[in-house]
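Dropping work.cif in here (mmCIF, C-alpha atoms):
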```cif
data_protein
loop_
_atom_site.group_PDB
_atom_site.id
_atom_site.type_symbol
_atom_site.label_atom_id
_atom_site.label_comp_id
_atom_site.auth_asym_id
_atom_site.auth_seq_id
_atom_site.Cartn_x
_atom_site.Cartn_y
_atom_site.Cartn_z
ATOM 1 C CA ALA K 148 0.000 0.000 0.000
ATOM 2 C CA GLY K 149 2.818 2.382 0.885
ATOM 3 C CA SER K 150 4.593 1.667 -2.391
ATOM 4 C CA SER K 151 1.460 2.228 -4.478
ATOM 5 C CA ASN K 152 0.760 5.425 -2.551
ATOM 6 C CA TYR K 153 4.276 6.685 -3.296
ATOM 7 C CA VAL K 154 3.933 5.848 -6.997
ATOM 8 C CA LEU K 155 0.589 7.685 -7.162
ATOM 9 C CA LEU K 156 1.927 10.792 -5.398
ATOM 10 C CA LYS K 157 5.005 10.875 -7.611
ATOM 11 C CA SER K 158 2.874 10.538 -10.736
ATOM 12 C CA VAL K 159 0.623 13.353 -9.523
ATOM 13 C CA GLY K 160 3.675 15.475 -8.724
ATOM 14 C CA LEU K 161 5.144 15.000 -12.203
ATOM 15 C CA THR K 162 1.871 15.898 -13.900
ATOM 16 C CA LEU K 163 1.433 18.901 -11.634
ATOM 17 C CA ALA K 164 4.988 20.067 -12.342
ATOM 18 C CA ARG K 165 4.604 19.835 -16.108
ATOM 19 C CA THR K 166 1.241 21.579 -16.094
ATOM 20 C CA SER K 167 2.409 24.305 -13.708
ATOM 21 C CA TRP K 168 5.602 25.126 -15.588
ATOM 22 C CA LEU K 169 3.873 25.117 -18.975
ATOM 23 C CA SER K 170 1.204 27.451 -17.622
ATOM 24 C CA TRP K 171 3.819 29.578 -15.821
ATOM 25 C CA TRP K 172 5.992 30.149 -18.878
ATOM 26 C CA SER K 173 2.987 30.907 -21.081
ATOM 27 C CA GLN K 174 1.700 33.470 -18.591
ATOM 28 C CA VAL K 175 5.125 35.072 -18.144
ATOM 29 C CA ILE K 176 5.643 35.511 -21.899
ATOM 30 C CA LEU K 177 2.155 36.850 -22.607
ATOM 31 C CA SER K 178 2.019 39.117 -19.527
ATOM 32 C CA THR K 179 5.480 40.546 -20.219
ATOM 33 C CA ILE K 180 4.555 41.392 -23.798
ATOM 34 C CA SER K 181 1.334 43.020 -22.601
ATOM 35 C CA SER K 182 3.162 45.035 -19.930
ATOM 36 C CA VAL K 183 5.791 46.314 -22.356
ATOM 37 C CA THR K 184 3.120 47.223 -24.898
ATOM 38 C CA LEU K 185 0.999 49.062 -22.327
ATOM 39 C CA LEU K 186 4.007 50.963 -20.955
ATOM 40 C CA PHE K 187 4.940 51.984 -24.491
ATOM 41 C CA ALA K 188 1.364 53.114 -25.163
ATOM 42 C CA ARG K 189 1.310 55.057 -21.887
ATOM 43 C CA ASN K 190 4.564 56.880 -22.655
ATOM 44 C CA VAL K 191 3.455 57.744 -26.177
ATOM 45 C CA ARG K 192 0.109 59.001 -24.875
ATOM 46 C CA LEU K 193 1.798 61.144 -22.224
ATOM 47 C CA PHE K 194 3.999 62.600 -24.929
ATOM 48 C CA GLY K 195 0.875 63.285 -26.987
ATOM 49 C CA GLU K 196 -0.742 65.074 -24.041
ATOM 50 C CA GLN K 197 2.311 67.281 -23.626
ATOM 51 C CA ALA K 198 2.368 68.015 -27.337
ATOM 52 C CA SER K 199 -1.337 68.845 -27.406
ATOM 53 C CA GLY K 200 -0.841 71.124 -24.409
ATOM 54 C CA ALA K 201 2.000 72.941 -26.126
ATOM 55 C CA LEU K 202 0.008 73.394 -29.328
ATOM 56 C CA SER K 203 -3.267 74.321 -27.642
ATOM 57 C CA ALA K 204 -2.432 78.012 -27.912
ATOM 58 C CA GLU K 205 -2.006 77.712 -31.661
ATOM 59 C CA ILE K 206 -5.033 75.556 -32.506
ATOM 60 C CA ASN K 207 -8.697 76.174 -31.879
ATOM 61 C CA ASN K 208 -10.288 75.249 -28.536
ATOM 62 C CA VAL K 209 -12.576 72.614 -30.025
ATOM 63 C CA ALA K 210 -9.677 70.500 -31.278
ATOM 64 C CA ALA K 211 -7.883 70.837 -27.958
ATOM 65 C CA GLN K 212 -10.926 69.658 -26.007
ATOM 66 C CA THR K 213 -11.387 66.745 -28.402
ATOM 67 C CA ALA K 214 -7.797 65.648 -27.840
ATOM 68 C CA LEU K 215 -8.203 65.742 -24.078
ATOM 69 C CA ALA K 216 -11.440 63.756 -24.318
ATOM 70 C CA GLY K 217 -9.731 61.103 -26.416
ATOM 71 C CA THR K 218 -6.879 60.754 -23.956
ATOM 72 C CA GLY K 219 -9.372 60.513 -21.104
ATOM 73 C CA GLU K 220 -11.159 57.585 -22.723
ATOM 74 C CA CYS K 221 -7.882 55.781 -23.352
ATOM 75 C CA SER K 222 -6.817 56.490 -19.777
ATOM 76 C CA CYS K 223 -9.932 54.661 -18.555
ATOM 77 C CA CYS K 224 -9.112 51.742 -20.857
ATOM 78 C CA CYS K 225 -5.544 51.600 -19.581
ATOM 79 C CA GLN K 226 -6.718 51.494 -15.968
ATOM 80 C CA LEU K 227 -8.743 48.378 -16.723
ATOM 81 C CA PHE K 228 -5.876 46.858 -18.690
ATOM 82 C CA TYR K 229 -3.419 47.523 -15.861
ATOM 83 C CA SER K 230 -5.768 45.748 -13.448
ATOM 84 C CA GLY K 231 -5.961 42.749 -15.778
ATOM 85 C CA VAL K 232 -2.169 42.599 -16.093
ATOM 86 C CA ALA K 233 -1.749 42.918 -12.314
ATOM 87 C CA LEU K 234 -4.098 39.973 -11.767
ATOM 88 C CA SER K 235 -2.161 38.045 -14.395
ATOM 89 C CA PHE K 236 1.073 38.535 -12.456
ATOM 90 C CA CYS K 237 -0.717 37.434 -9.271
ATOM 91 C CA SER K 238 -1.735 34.285 -11.130
ATOM 92 C CA ILE K 239 1.896 33.787 -12.191
ATOM 93 C CA LEU K 240 3.053 33.865 -8.573
ATOM 94 C CA TRP K 241 0.316 31.444 -7.542
ATOM 95 C CA THR K 242 1.212 29.075 -10.399
ATOM 96 C CA TRP K 243 4.814 29.105 -9.211
ATOM 97 C CA GLY K 244 3.501 27.989 -5.820
ATOM 98 C CA GLY K 245 1.863 25.039 -7.543
ATOM 99 C CA ALA K 246 5.237 24.123 -9.065
ATOM 100 C CA ARG K 247 6.770 24.154 -5.577
ATOM 101 C CA LEU K 248 4.032 21.821 -4.352
ATOM 102 C CA ALA K 249 4.880 19.482 -7.226
ATOM 103 C CA SER K 250 8.531 19.517 -6.194
ATOM 104 C CA ARG K 251 7.567 18.491 -2.654
ATOM 105 C CA LEU K 252 5.511 15.617 -4.012
ATOM 106 C CA ILE K 253 8.303 14.360 -6.238
ATOM 107 C CA LYS K 254 10.944 14.547 -3.505
ATOM 108 C CA ARG K 255 8.534 13.074 -0.923
ATOM 109 C CA ASN K 256 9.712 15.415 1.805
ATOM 110 C CA ASP K 257 6.679 15.754 4.054
ATOM 111 C CA LEU K 258 3.629 14.877 1.962
ATOM 112 C CA SER K 259 2.471 11.267 2.120
ATOM 113 C CA ASN K 260 -1.261 11.576 2.835
ATOM 114 C CA LYS K 261 -3.347 11.474 -0.331
ATOM 115 C CA LEU K 262 -6.268 13.323 1.241
ATOM 116 C CA HIS K 263 -4.000 16.129 2.443
ATOM 117 C CA VAL K 264 -2.459 16.464 -1.007
ATOM 118 C CA ALA K 265 -5.952 16.508 -2.540
ATOM 119 C CA PHE K 266 -6.906 19.319 -0.141
ATOM 120 C CA LEU K 267 -3.833 21.347 -1.161
ATOM 121 C CA LEU K 268 -4.628 20.818 -4.829
ATOM 122 C CA ARG K 269 -8.239 21.904 -4.331
ATOM 123 C CA ARG K 270 -7.064 25.112 -2.655
ATOM 124 C CA THR K 271 -4.546 25.746 -5.443
ATOM 125 C CA ILE K 272 -7.195 25.231 -8.111
ATOM 126 C CA SER K 273 -9.792 27.354 -6.299
ATOM 127 C CA VAL K 274 -7.512 30.377 -5.898
ATOM 128 C CA SER K 275 -6.211 30.060 -9.454
ATOM 129 C CA VAL K 276 -9.702 29.901 -10.936
ATOM 130 C CA THR K 277 -10.815 32.907 -8.860
ATOM 131 C CA LEU K 278 -7.826 35.023 -9.928
ATOM 132 C CA ASN K 279 -8.175 34.204 -13.598
ATOM 133 C CA VAL K 280 -11.946 34.551 -13.820
ATOM 134 C CA LEU K 281 -11.679 37.958 -12.155
ATOM 135 C CA GLY K 282 -8.787 38.882 -14.451
ATOM 136 C CA MET K 283 -10.725 37.814 -17.533
ATOM 137 C CA PHE K 284 -13.734 39.856 -16.385
ATOM 138 C CA VAL K 285 -11.658 43.019 -15.901
ATOM 139 C CA THR K 286 -9.839 42.503 -19.207
ATOM 140 C CA LEU K 287 -13.097 41.947 -21.088
ATOM 141 C CA MET K 288 -14.519 45.141 -19.578
ATOM 142 C CA GLY K 289 -11.442 46.956 -20.851
ATOM 143 C CA ALA K 290 -11.993 45.414 -24.273
ATOM 144 C CA GLN K 291 -15.577 46.662 -24.281
ATOM 145 C CA VAL K 292 -14.413 50.188 -23.499
ATOM 146 C CA ILE K 293 -11.691 50.286 -26.141
ATOM 147 C CA VAL K 294 -13.931 48.737 -28.811
ATOM 148 C CA GLY K 295 -16.615 51.305 -28.039
ATOM 149 C CA SER K 296 -14.141 54.183 -28.293
ATOM 150 C CA LEU K 297 -12.724 52.835 -31.551
ATOM 151 C CA ALA K 298 -16.219 52.443 -32.983
ATOM 152 C CA ALA K 299 -16.965 56.054 -32.041
ATOM 153 C CA LYS K 300 -13.784 57.195 -33.789
ATOM 154 C CA VAL K 301 -14.667 55.296 -36.940
ATOM 155 C CA LEU K 302 -18.271 56.553 -36.975
ATOM 156 C CA THR K 303 -17.176 60.178 -36.486
ATOM 157 C CA SER K 304 -14.540 59.967 -39.222
ATOM 158 C CA THR K 305 -15.122 60.872 -42.851
ATOM 159 C CA GLY K 306 -16.802 57.552 -43.606
ATOM 160 C CA ARG K 307 -13.663 55.524 -44.229
ATOM 161 C CA LEU K 308 -11.194 53.764 -41.954
ATOM 162 C CA VAL K 309 -8.175 55.993 -41.479
ATOM 163 C CA VAL K 310 -5.051 54.891 -39.660
ATOM 164 C CA SER K 311 -3.059 57.958 -38.800
ATOM 165 C CA ASN K 312 -1.160 59.785 -36.090
ATOM 166 C CA ALA K 313 -2.587 63.103 -37.089
ATOM 167 C CA GLY K 314 -5.730 63.518 -35.072
ATOM 168 C CA PRO K 315 -7.218 62.138 -31.864
ATOM 169 C CA THR K 316 -10.554 61.452 -33.592
ATOM 170 C CA LEU K 317 -8.938 59.044 -36.080
ATOM 171 C CA LEU K 318 -8.032 55.419 -35.559
ATOM 172 C CA GLN K 319 -4.377 55.412 -34.537
ATOM 173 C CA PRO K 320 -1.785 52.598 -34.564
ATOM 174 C CA LEU K 321 -1.480 53.095 -30.815
ATOM 175 C CA ASP K 322 -5.087 51.973 -30.374
ATOM 176 C CA ILE K 323 -4.349 48.742 -32.218
ATOM 177 C CA LEU K 324 -1.360 48.084 -29.954
ATOM 178 C CA VAL K 325 -3.542 48.496 -26.875
ATOM 179 C CA VAL K 326 -6.067 46.019 -28.304
ATOM 180 C CA GLN K 327 -3.234 43.539 -28.941
ATOM 181 C CA ALA K 328 -1.955 43.944 -25.377
ATOM 182 C CA ASN K 329 -5.460 43.361 -24.051
ATOM 183 C CA THR K 330 -5.765 40.197 -26.147
ATOM 184 C CA ASN K 331 -2.451 38.870 -24.817
ATOM 185 C CA THR K 332 -3.584 39.457 -21.236
ATOM 186 C CA LEU K 333 -6.867 37.681 -21.893
ATOM 187 C CA LEU K 334 -5.008 34.720 -23.417
ATOM 188 C CA SER K 335 -2.709 34.580 -20.386
ATOM 189 C CA HIS K 336 -5.688 34.247 -18.035
ATOM 190 C CA PHE K 337 -7.268 31.656 -20.319
ATOM 191 C CA VAL K 338 -4.125 29.481 -20.367
ATOM 192 C CA SER K 339 -3.899 29.578 -16.575
ATOM 193 C CA LEU K 340 -7.598 28.762 -16.223
ATOM 194 C CA VAL K 341 -7.300 25.759 -18.558
ATOM 195 C CA GLY K 342 -4.299 24.510 -16.572
ATOM 196 C CA ALA K 343 -6.202 24.836 -13.290
ATOM 197 C CA LEU K 344 -9.205 22.949 -14.652
ATOM 198 C CA PHE K 345 -6.909 20.224 -15.963
ATOM 199 C CA LEU K 346 -5.560 19.722 -12.444
ATOM 200 C CA THR K 347 -9.001 18.676 -11.244
ATOM 201 C CA ARG K 348 -8.226 15.284 -12.784
ATOM 202 C CA LEU K 349 -5.425 14.879 -10.265
ATOM 203 C CA VAL K 350 -7.805 15.578 -7.389
ATOM 204 C CA ARG K 351 -10.132 12.821 -8.599
ATOM 205 C CA ARG K 352 -7.187 10.421 -8.708
ATOM 206 C CA LEU K 353 -6.163 11.239 -5.140
ATOM 207 C CA ASP K 354 -9.643 11.469 -3.658
ATOM 208 C CA PRO K 355 -12.128 9.756 -5.974
ATOM 209 C CA PRO K 356 -15.778 10.622 -5.390
ATOM 210 C CA THR K 357 -17.740 8.204 -3.285
ATOM 211 C CA ARG K 358 -20.208 6.143 -5.277
ATOM 212 C CA VAL K 359 -23.559 5.801 -3.568
ATOM 213 C CA PRO K 360 -25.284 2.454 -4.246
ATOM 214 C CA LYS K 361 -28.454 2.654 -6.272
ATOM 215 C CA THR K 362 -30.448 1.112 -3.431
ATOM 216 C CA GLU K 363 -29.498 4.016 -1.166
ATOM 217 C CA GLN K 364 -30.302 6.560 -3.887
ATOM 218 C CA MET K 365 -33.826 5.134 -4.113
#
```

Could you quickly redo this structure as structure tokens?
Amino acid sequence: AGSSNYVLLKSVGLTLARTSWLSWWSQVILSTISSVTLLFARNVRLFGEQASGALSAEINNVAAQTALAGTGECSCCCQLFYSGVALSFCSILWTWGGARLASRLIKRNDLSNKLHVAFLLRRTISVSVTLNVLGMFVTLMGAQVIVGSLAAKVLTSTGRLVVSNAGPTLLQPLDILVVQANTNTLLSHFVSLVGALFLTRLVRRLDPPTRVPKTEQM
């Protein structure tokens, strides 16, 4: 019994390690790209605000107010995106904790009770699912905001899709970069969520559900 228990825990530890590290690396790559893209967009937008402030004395007041309104909308989008990226990094740290749990199982340091290991896995999965569902919700809300602002820009343009750096009311390449960063963040949460749901198979192996006889169900 002790030998079979050790083989089961080691098998669970190996599967948990592979799943955790695959999820961890995927989240790190996607979240890093999103962070760099959002920081770049933020710096460019700050530069645009300074430029619009310097030119406000030379252009009409209507154009200046339109520029500030556009930057305000994008600022709201970025706040939601930053929250999604922050939750993604929290998920990365929690996934790394799952990899440490796998290392303990493989080395058989202090974990030999299947039910205790199943409890730890349930807690790991529960927190991971909560973080990523919340992160996906925030990121999707950010996507709704940016898509709405882009649709407004297109509808208020001259009737054709214009990609330019000239005016705040036109669709700019910076807006497309922000959408790409948002998509990367959403994919990062999705990968982590899929990995957490896959780990539920390990819980069923450690603590299989009790089957109630049909006579008792009647």

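You will find CA of Leu344 in chain K at 28.7 Å from CA of Gln226 in chain K.
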
>> Just to confirm, what's the straight-line distance from CA of Ala188 in chain K to CA of Ala290 in chain K in Å (one decimal)?
In response: 15.4 Å

>> I'd like the contact shell of range 274-277 of chain K - 8 Å cut-off, only C-alpha atoms, skipping same-chain residues fewer than 3 positions apart - returned as number ranges by chain.
In response: K: 238, 241-242, 270-271, 280-281, 339-340, 343-344

>> What would the selection look like, as JSON, numbers by chain, if the PyMOL selection byres ((chain K and resi 186) around 12) were run on the coordinates I just shared?
In response: {"K": [179, 180, 181, 182, 183, 184, 185, 187, 188, 189, 190, 191, 192, 193, 225, 226, 228, 229, 232, 321, 324, 325, 328]}

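Distance annotation: of K:Leu227, K:Leu155, K:Ala246, K:Leu262, the residue with the minimal separation from Ile293 in chain K is K:Leu227; atom set is all atoms listed in the file.
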
Name all residues at most 8 Å from Ala249 in chain K (count all atoms listed in the file; drop same-chain ones fewer than 6 positions away) and give them as a PDB file with C-alpha atoms, in the frame of the given file.
```pdb
ATOM      1  CA  VAL K 159       0.623  13.353  -9.523  1.00  0.00           C
ATOM      2  CA  GLY K 160       3.675  15.475  -8.724  1.00  0.00           C
ATOM      3  CA  LEU K 161       5.144  15.000 -12.203  1.00  0.00           C
ATOM      4  CA  LEU K 163       1.433  18.901 -11.634  1.00  0.00           C
ATOM      5  CA  ALA K 164       4.988  20.067 -12.342  1.00  0.00           C
TER       6      ALA K 164
END
```

> Pick the closest to Phe266 in chain K from K:Asn152, K:Thr347, K:Ser178, K:Thr166: which is it, counting all atoms listed in the file?
Replying inline: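 Between K:Asn152, K:Thr347, K:Ser178, K:Thr166, the residue approaching Phe266 in chain K most closely is K:Thr347.
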
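Considering all atoms listed in the file, the residue among K:Leu169, K:Leu353, K:Leu177, K:Leu234 positioned nearest to Phe284 in chain K is K:Leu234.
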